[in-house]
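Student: Input file: target_13.tsv. Contents: TSV, C-alpha atoms.
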```tsv
chain	number	residue	atom	x	y	z
A	1	VAL	CA	-2.38	27.47	-40.40
A	2	LEU	CA	-0.45	29.82	-38.13
A	3	SER	CA	-2.25	31.44	-35.23
A	4	PRO	CA	-2.60	35.26	-35.31
A	5	GLU	CA	0.14	35.54	-32.65
A	6	ALA	CA	2.48	33.31	-34.64
A	7	GLN	CA	1.82	35.30	-37.82
A	8	GLU	CA	2.64	38.53	-36.01
A	9	GLN	CA	5.85	37.06	-34.69
A	10	LYS	CA	6.82	35.84	-38.15
A	11	ILE	CA	6.27	39.30	-39.59
A	12	ALA	CA	8.20	40.89	-36.74
A	13	ILE	CA	11.18	38.61	-37.22
A	14	ALA	CA	11.17	39.18	-40.97
A	15	GLN	CA	11.31	42.94	-40.34
A	16	GLN	CA	14.72	42.54	-38.72
A	17	SER	CA	16.30	41.66	-42.06
A	18	ARG	CA	15.18	44.97	-43.59
A	19	PRO	CA	16.77	48.42	-43.27
A	20	PRO	CA	15.52	50.32	-40.20
A	21	ALA	CA	12.36	52.27	-40.92
A	22	GLN	CA	11.89	55.66	-39.30
A	23	PRO	CA	8.36	55.74	-37.82
A	24	ARG	CA	6.29	58.43	-39.47
A	25	SER	CA	2.68	57.47	-38.87
A	26	PRO	CA	0.70	56.97	-35.63
A	27	SER	CA	0.08	53.34	-36.63
A	28	ASP	CA	3.84	52.72	-36.90
A	29	MET	CA	4.41	54.19	-33.47
A	30	GLU	CA	1.55	52.25	-31.92
A	31	LEU	CA	2.89	49.00	-33.36
A	32	ALA	CA	6.43	49.71	-32.16
A	33	ALA	CA	5.14	50.54	-28.67
A	34	THR	CA	3.15	47.29	-28.55
A	35	TRP	CA	6.13	45.20	-29.60
A	36	LEU	CA	8.53	46.88	-27.15
A	37	ASN	CA	6.17	46.20	-24.25
A	38	SER	CA	5.80	42.53	-25.23
A	39	ASP	CA	7.23	39.64	-23.21
A	40	ASN	CA	8.44	38.10	-26.47
A	41	PRO	CA	12.16	38.94	-27.02
A	42	GLU	CA	11.75	38.64	-30.79
A	43	LEU	CA	8.96	41.21	-30.84
A	44	VAL	CA	10.99	43.54	-28.62
A	45	ALA	CA	13.93	43.22	-31.02
A	46	ALA	CA	11.64	43.93	-33.98
A	47	GLY	CA	10.24	47.01	-32.23
A	48	LYS	CA	13.73	48.39	-31.63
A	49	HIS	CA	14.67	47.70	-35.23
A	50	LYS	CA	11.57	49.50	-36.47
A	51	LEU	CA	12.65	52.59	-34.54
A	52	GLY	CA	16.28	52.35	-35.63
A	53	LEU	CA	17.45	51.59	-32.09
A	54	SER	CA	20.18	49.30	-30.76
A	55	GLY	CA	21.77	48.49	-27.42
A	56	GLY	CA	20.17	47.22	-24.23
A	57	GLU	CA	17.67	48.55	-21.76
A	58	ASN	CA	17.97	52.11	-20.39
A	59	ASP	CA	20.49	52.99	-23.14
A	60	PRO	CA	21.27	56.77	-23.16
A	61	GLN	CA	21.77	56.71	-26.93
A	62	ASN	CA	18.33	55.20	-27.43
A	63	ALA	CA	16.85	57.91	-25.20
A	64	ALA	CA	18.56	60.60	-27.30
A	65	THR	CA	17.40	58.99	-30.56
A	66	LEU	CA	13.81	58.73	-29.36
A	67	ARG	CA	13.82	62.31	-28.12
A	68	GLY	CA	15.03	63.47	-31.53
A	69	GLN	CA	12.26	61.50	-33.23
A	70	TYR	CA	9.69	62.86	-30.80
A	71	LEU	CA	10.72	66.48	-31.31
A	72	GLY	CA	10.63	65.94	-35.07
A	73	GLN	CA	7.08	64.64	-34.89
A	74	VAL	CA	5.78	67.45	-32.65
A	75	LYS	CA	7.29	70.32	-34.66
A	76	ASP	CA	4.01	71.05	-36.45
A	77	PHE	CA	2.10	70.93	-33.17
A	78	GLN	CA	4.48	73.50	-31.66
A	79	THR	CA	3.70	75.79	-34.59
A	80	VAL	CA	-0.02	75.18	-34.15
A	81	ARG	CA	0.03	75.79	-30.38
A	82	GLN	CA	2.03	79.01	-30.66
A	83	ASN	CA	-0.23	80.43	-33.37
A	84	TYR	CA	-3.38	79.33	-31.56
A	85	GLN	CA	-2.23	81.40	-28.59
A	86	VAL	CA	-1.57	84.32	-30.93
A	87	VAL	CA	-5.13	84.13	-32.33
A	88	LYS	CA	-6.69	83.93	-28.87
A	89	ALA	CA	-4.69	86.96	-27.68
A	90	ALA	CA	-5.36	89.10	-30.78
A	91	GLU	CA	-7.11	92.42	-30.24
A	92	ASP	CA	-9.95	93.75	-32.40
A	93	THR	CA	-7.73	96.15	-34.32
A	94	GLY	CA	-6.08	96.17	-37.72
A	95	ALA	CA	-2.85	94.81	-36.23
A	96	GLY	CA	-4.82	92.26	-34.23
A	97	ASP	CA	-6.64	91.11	-37.36
A	98	ILE	CA	-3.31	90.57	-39.14
A	99	ALA	CA	-2.08	88.46	-36.21
A	100	ARG	CA	-5.45	86.64	-36.09
A	101	VAL	CA	-5.53	85.64	-39.76
A	102	PHE	CA	-1.81	84.86	-39.89
A	103	GLY	CA	-2.25	82.50	-36.92
A	104	TYR	CA	-5.32	80.95	-38.51
A	105	MET	CA	-3.38	80.25	-41.71
A	106	LYS	CA	-0.62	78.53	-39.72
A	107	LEU	CA	-3.23	76.29	-38.07
A	108	LEU	CA	-4.64	75.40	-41.47
A	109	ASP	CA	-1.16	74.75	-42.90
A	110	PRO	CA	1.66	74.61	-40.30
A	111	SER	CA	4.24	74.16	-43.08
A	112	SER	CA	3.21	77.31	-44.97
A	113	THR	CA	6.08	79.72	-45.60
A	114	VAL	CA	4.16	82.98	-45.96
A	115	ARG	CA	5.62	85.77	-43.82
A	116	GLU	CA	3.92	88.67	-42.11
A	117	GLY	CA	3.53	91.52	-44.59
A	118	GLU	CA	3.90	89.16	-47.55
A	119	ALA	CA	1.05	88.24	-49.89
A	120	ALA	CA	-0.29	84.70	-49.48
A	121	THR	CA	-0.24	82.62	-52.65
A	122	ALA	CA	-0.88	79.04	-53.71
A	123	GLN	CA	2.90	78.55	-53.54
A	124	ASN	CA	3.69	79.78	-50.02
A	125	ALA	CA	0.35	78.79	-48.42
A	126	ALA	CA	-0.80	75.79	-50.44
A	127	GLY	CA	-2.86	74.29	-47.60
A	128	VAL	CA	-4.80	77.50	-46.96
A	129	PRO	CA	-8.14	77.96	-48.78
A	130	GLU	CA	-8.19	80.71	-51.39
A	131	SER	CA	-10.86	82.64	-49.45
A	132	ILE	CA	-8.62	82.87	-46.36
A	133	ARG	CA	-5.62	83.88	-48.48
A	134	GLY	CA	-7.85	86.62	-49.89
A	135	GLN	CA	-8.72	87.84	-46.38
A	136	TRP	CA	-5.02	87.96	-45.51
A	137	ASN	CA	-4.05	89.84	-48.65
A	138	ASN	CA	-6.83	92.35	-48.00
A	139	LEU	CA	-5.58	92.91	-44.44
A	140	ILE	CA	-1.96	93.59	-45.40
A	141	GLY	CA	-3.37	96.06	-47.92
A	142	GLY	CA	-4.96	98.02	-45.07
A	143	GLY	CA	-8.30	96.26	-44.59
A	144	GLN	CA	-9.96	95.01	-41.41
A	145	LEU	CA	-12.15	92.06	-40.45
A	146	SER	CA	-15.80	92.37	-39.57
A	147	ALA	CA	-16.92	91.33	-36.10
A	148	GLU	CA	-18.60	88.30	-37.67
A	149	ALA	CA	-15.41	87.25	-39.46
A	150	ARG	CA	-13.44	87.51	-36.22
A	151	GLN	CA	-15.96	85.33	-34.43
A	152	GLN	CA	-15.87	82.73	-37.20
A	153	ILE	CA	-12.08	82.55	-37.05
A	154	GLU	CA	-12.13	82.20	-33.25
A	155	SER	CA	-14.61	79.33	-33.57
A	156	GLN	CA	-12.63	77.58	-36.30
A	157	VAL	CA	-9.27	77.77	-34.52
A	158	ASP	CA	-10.85	76.22	-31.42
A	159	ILE	CA	-12.07	73.28	-33.53
A	160	LEU	CA	-8.71	72.93	-35.30
A	161	TYR	CA	-6.71	73.11	-32.09
A	162	LYS	CA	-8.79	70.41	-30.41
A	163	THR	CA	-8.01	68.07	-33.31
A	164	TYR	CA	-4.27	68.79	-33.17
A	165	ASP	CA	-4.31	68.55	-29.36
A	166	LYS	CA	-5.87	65.07	-29.49
A	167	GLN	CA	-3.24	63.91	-31.98
A	168	GLN	CA	-0.46	65.34	-29.83
A	169	LYS	CA	-1.66	63.54	-26.71
A	170	THR	CA	-1.65	60.29	-28.68
A	171	THR	CA	1.93	60.96	-29.83
A	172	GLN	CA	3.06	61.74	-26.27
A	173	LYS	CA	1.51	58.51	-24.98
A	174	GLN	CA	3.06	56.41	-27.74
A	175	PHE	CA	6.57	57.74	-27.10
A	176	SER	CA	6.07	57.35	-23.33
A	177	ASP	CA	5.01	53.73	-23.85
A	178	ILE	CA	8.03	53.11	-26.09
A	179	ALA	CA	10.39	54.60	-23.48
A	180	THR	CA	8.77	52.46	-20.75
A	181	GLY	CA	9.23	49.35	-22.87
A	182	LEU	CA	12.95	50.16	-23.13
A	183	LYS	CA	13.21	50.87	-19.38
A	184	ILE	CA	13.93	54.55	-20.16
A	185	ASP	CA	12.47	57.34	-18.04
A	186	PRO	CA	9.74	58.80	-20.30
A	187	GLU	CA	10.68	62.32	-19.15
A	188	LEU	CA	14.02	61.89	-20.95
A	189	VAL	CA	12.09	61.46	-24.20
A	190	VAL	CA	8.77	63.29	-23.91
A	191	THR	CA	8.24	66.93	-22.98
A	192	GLU	CA	4.72	68.21	-22.39
A	193	GLN	CA	3.55	70.24	-25.37
A	194	THR	CA	-0.19	70.75	-24.83
A	195	LEU	CA	-1.61	73.91	-23.28
A	196	GLU	CA	-3.71	71.75	-21.00
A	197	GLY	CA	-0.49	70.21	-19.70
A	198	GLY	CA	0.88	73.66	-18.96
A	199	ALA	CA	3.40	74.14	-21.78
A	200	GLY	CA	4.77	77.67	-21.47
A	201	ALA	CA	3.19	78.18	-18.06
A	202	SER	CA	6.42	78.16	-16.08
A	203	GLU	CA	10.20	78.30	-16.32
A	204	ASP	CA	10.29	74.55	-15.62
A	205	ASN	CA	7.88	73.76	-18.47
A	206	PRO	CA	8.64	76.15	-21.35
A	207	VAL	CA	7.43	76.10	-24.93
A	208	ALA	CA	10.11	74.03	-26.68
A	209	GLY	CA	12.21	75.06	-29.66
A	210	ALA	CA	10.85	78.60	-30.20
A	211	SER	CA	12.84	80.56	-32.77
A	212	PRO	CA	13.08	84.37	-32.34
A	213	GLU	CA	10.34	84.74	-34.95
A	214	ASP	CA	8.08	82.23	-33.14
A	215	ALA	CA	8.82	83.73	-29.72
A	216	ALA	CA	7.72	87.17	-30.90
A	217	LYS	CA	4.23	85.76	-31.55
A	218	LEU	CA	3.79	84.17	-28.11
A	219	PRO	CA	1.49	85.81	-25.54
A	220	ALA	CA	3.22	88.09	-23.03
A	221	GLY	CA	4.65	86.21	-20.05
A	222	THR	CA	5.05	82.86	-21.86
A	223	TRP	CA	8.21	80.92	-21.01
A	224	PHE	CA	10.01	79.41	-24.01
A	225	LYS	CA	13.18	77.49	-24.82
A	226	THR	CA	15.34	78.72	-27.69
A	227	PRO	CA	16.92	76.31	-30.22
A	228	ASP	CA	20.30	76.83	-28.49
A	229	GLY	CA	18.86	75.76	-25.11
A	230	ARG	CA	18.26	79.11	-23.36
A	231	ILE	CA	15.03	79.46	-21.34
A	232	LEU	CA	13.51	82.92	-21.66
A	233	GLN	CA	10.22	84.66	-20.89
A	234	ARG	CA	8.27	86.73	-23.40
A	235	ALA	CA	8.20	90.32	-22.15
A	236	THR	CA	5.05	91.23	-20.24
A	237	GLN	CA	2.98	94.11	-21.57
```
What is this file in structure tokens?
Tutor:
Amino acid sequence: VLSPEAQEQKIAIAQQSRPPAQPRSPSDMELAATWLNSDNPELVAAGKHKLGLSGGENDPQNAATLRGQYLGQVKDFQTVRQNYQVVKAAEDTGAGDIARVFGYMKLLDPSSTVREGEAATAQNAAGVPESIRGQWNNLIGGGQLSAEARQQIESQVDILYKTYDKQQKTTQKQFSDIATGLKIDPELVVTEQTLEGGAGASEDNPVAGASPEDAAKLPAGTWFKTPDGRILQRATQ
């Protein structure tokens, strides 16, 4: 009977004969990070294969590949963070309520495609409960939220953001550990995304990948990086 370590090694070696798998779940990333930080060359090779990497240590191409994977995995969190800031900055007015509920919907379903001024449906906001879609549709028709409804949304977005924030910190650590295992400077792979870490607080640490539409929703004074690499600051009010 093989020992647990021997079984793991056997599985790892067998993985090398399969097509590279792009890591998509936290468990995949955690496993790859563990293998890459192992003293066993076969496990290290298996970890690189799992991530679709090649080459030796401190390979610039591996750094670029990992950064691309990292940015792909944090895209939803960027949407969540930007819309969380929008909700927290919303005023108690009709326009503020529209921004508040729109941001709330994006936290509930970061992939929703509903646009401001457009009715929310089961097609463009599938992950948003029907009751919240109803609130949104009432607002764009000229309605307003009650003080109680505003408070409930504020409370819910805080809870939702904490969950996303915890997941993001785990993702950042996993990619940092992977970079360390490959003798790559983690800063070449991982950029701070959490508000706690100061994302958007300065020109040196901007919100990453903000499209013009996303940038328009950021709080005044926030620094952001456009998809074409420019670093700009949201106009102050």
Student: Distance CA of Leu51 in chain A-CA of Gly181 in chain A, one decimal place?
Tutor: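 Computing it gives 12.6 Å between the two atoms.
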Student: Near Gln135 in chain A, within 10 Å and counting all atoms listed in the file, which residues show up once chain neighbours fewer than 3 positions away are dropped, as a PyMOL selection string?
Tutor: chain A and resi 97-98+101-102+120+130-132+138-141+143-145+149
Student: Report the distance between CA of Asp204 in chain A and CA of Ile231 in chain A in Å, rounded to one decimal place.
Tutor: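 Result for CA of Asp204 in chain A versus CA of Ile231 in chain A: 8.9 Å, one decimal.
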Student: Under the rule of at most 12 Å, produce a per-residue listing of range 135-167 of chain A near range 77-86 of chain A: chain, number, name, the closest pair of atoms, and the distance in Å, as a tab-separated table, using all atoms listed in the file.
Tutor:
```
residue	atom	partner	partner_atom	distance
A:Ile153	CA	A:Tyr84	CA	10.8
A:Glu154	CA	A:Tyr84	CA	9.4
A:Ser155	CA	A:Tyr84	CA	11.4
A:Gln156	CA	A:Tyr84	CA	10.5
A:Val157	CA	A:Tyr84	CA	6.8
A:Asp158	CA	A:Tyr84	CA	8.1
A:Ile159	CA	A:Tyr84	CA	10.8
A:Leu160	CA	A:Val80	CA	9.0
A:Tyr161	CA	A:Tyr84	CA	7.1
A:Lys162	CA	A:Arg81	CA	10.3
A:Thr163	CA	A:Phe77	CA	10.5
A:Tyr164	CA	A:Phe77	CA	6.7
A:Asp165	CA	A:Phe77	CA	7.8
A:Lys166	CA	A:Phe77	CA	10.6
A:Gln167	CA	A:Phe77	CA	8.9
```
Student: Under the rule that all atoms listed in the file are counted, which of A:Met105, A:Leu66, A:Ala45, A:Ala119 is the nearest residue to Met29 in chain A?
Tutor: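 Nearest candidate to Met29 in chain A out of A:Met105, A:Leu66, A:Ala45, A:Ala119: A:Leu66.
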Student: To one decimal place in Å, what is the distance between CA of Ala125 in chain A and CA of Ser112 in chain A?
Tutor: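 That distance, rounded to one decimal, is 4.7 Å.
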Student: Excluding range 188-193 of chain A and any residue of its chain fewer than 4 positions from it, enumerate the residues within 12 Å of it, using only C-alpha atoms, and give them as a PyMOL selection string.
Tutor: chain A and resi 58-82+164-180+182-184+197-202+204-209+224-225
Student: Select, from A:Glu203, A:Pro129, A:Trp136, A:Asp228, the residue with the minimum atom-to-atom distance to Gly117 in chain A, counting all atoms listed in the file.
Tutor: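 Among the listed residues, A:Trp136 lies closest to Gly117 in chain A.
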Student: Please determine, counting all atoms listed in the file, which residue among A:Pro227, A:Asn40, A:Val87, A:Glu116 has the shortest atom-to-atom distance to Gly103 in chain A.
Tutor: A:Val87
Student: Using all atoms listed in the file, can you tell me which of A:Gln151, A:Thr121, A:Ser211, A:Ser38 comes closest to Asn137 in chain A?
Tutor: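 Residue with the minimum atom-to-atom distance to Asn137 in chain A: A:Thr121.
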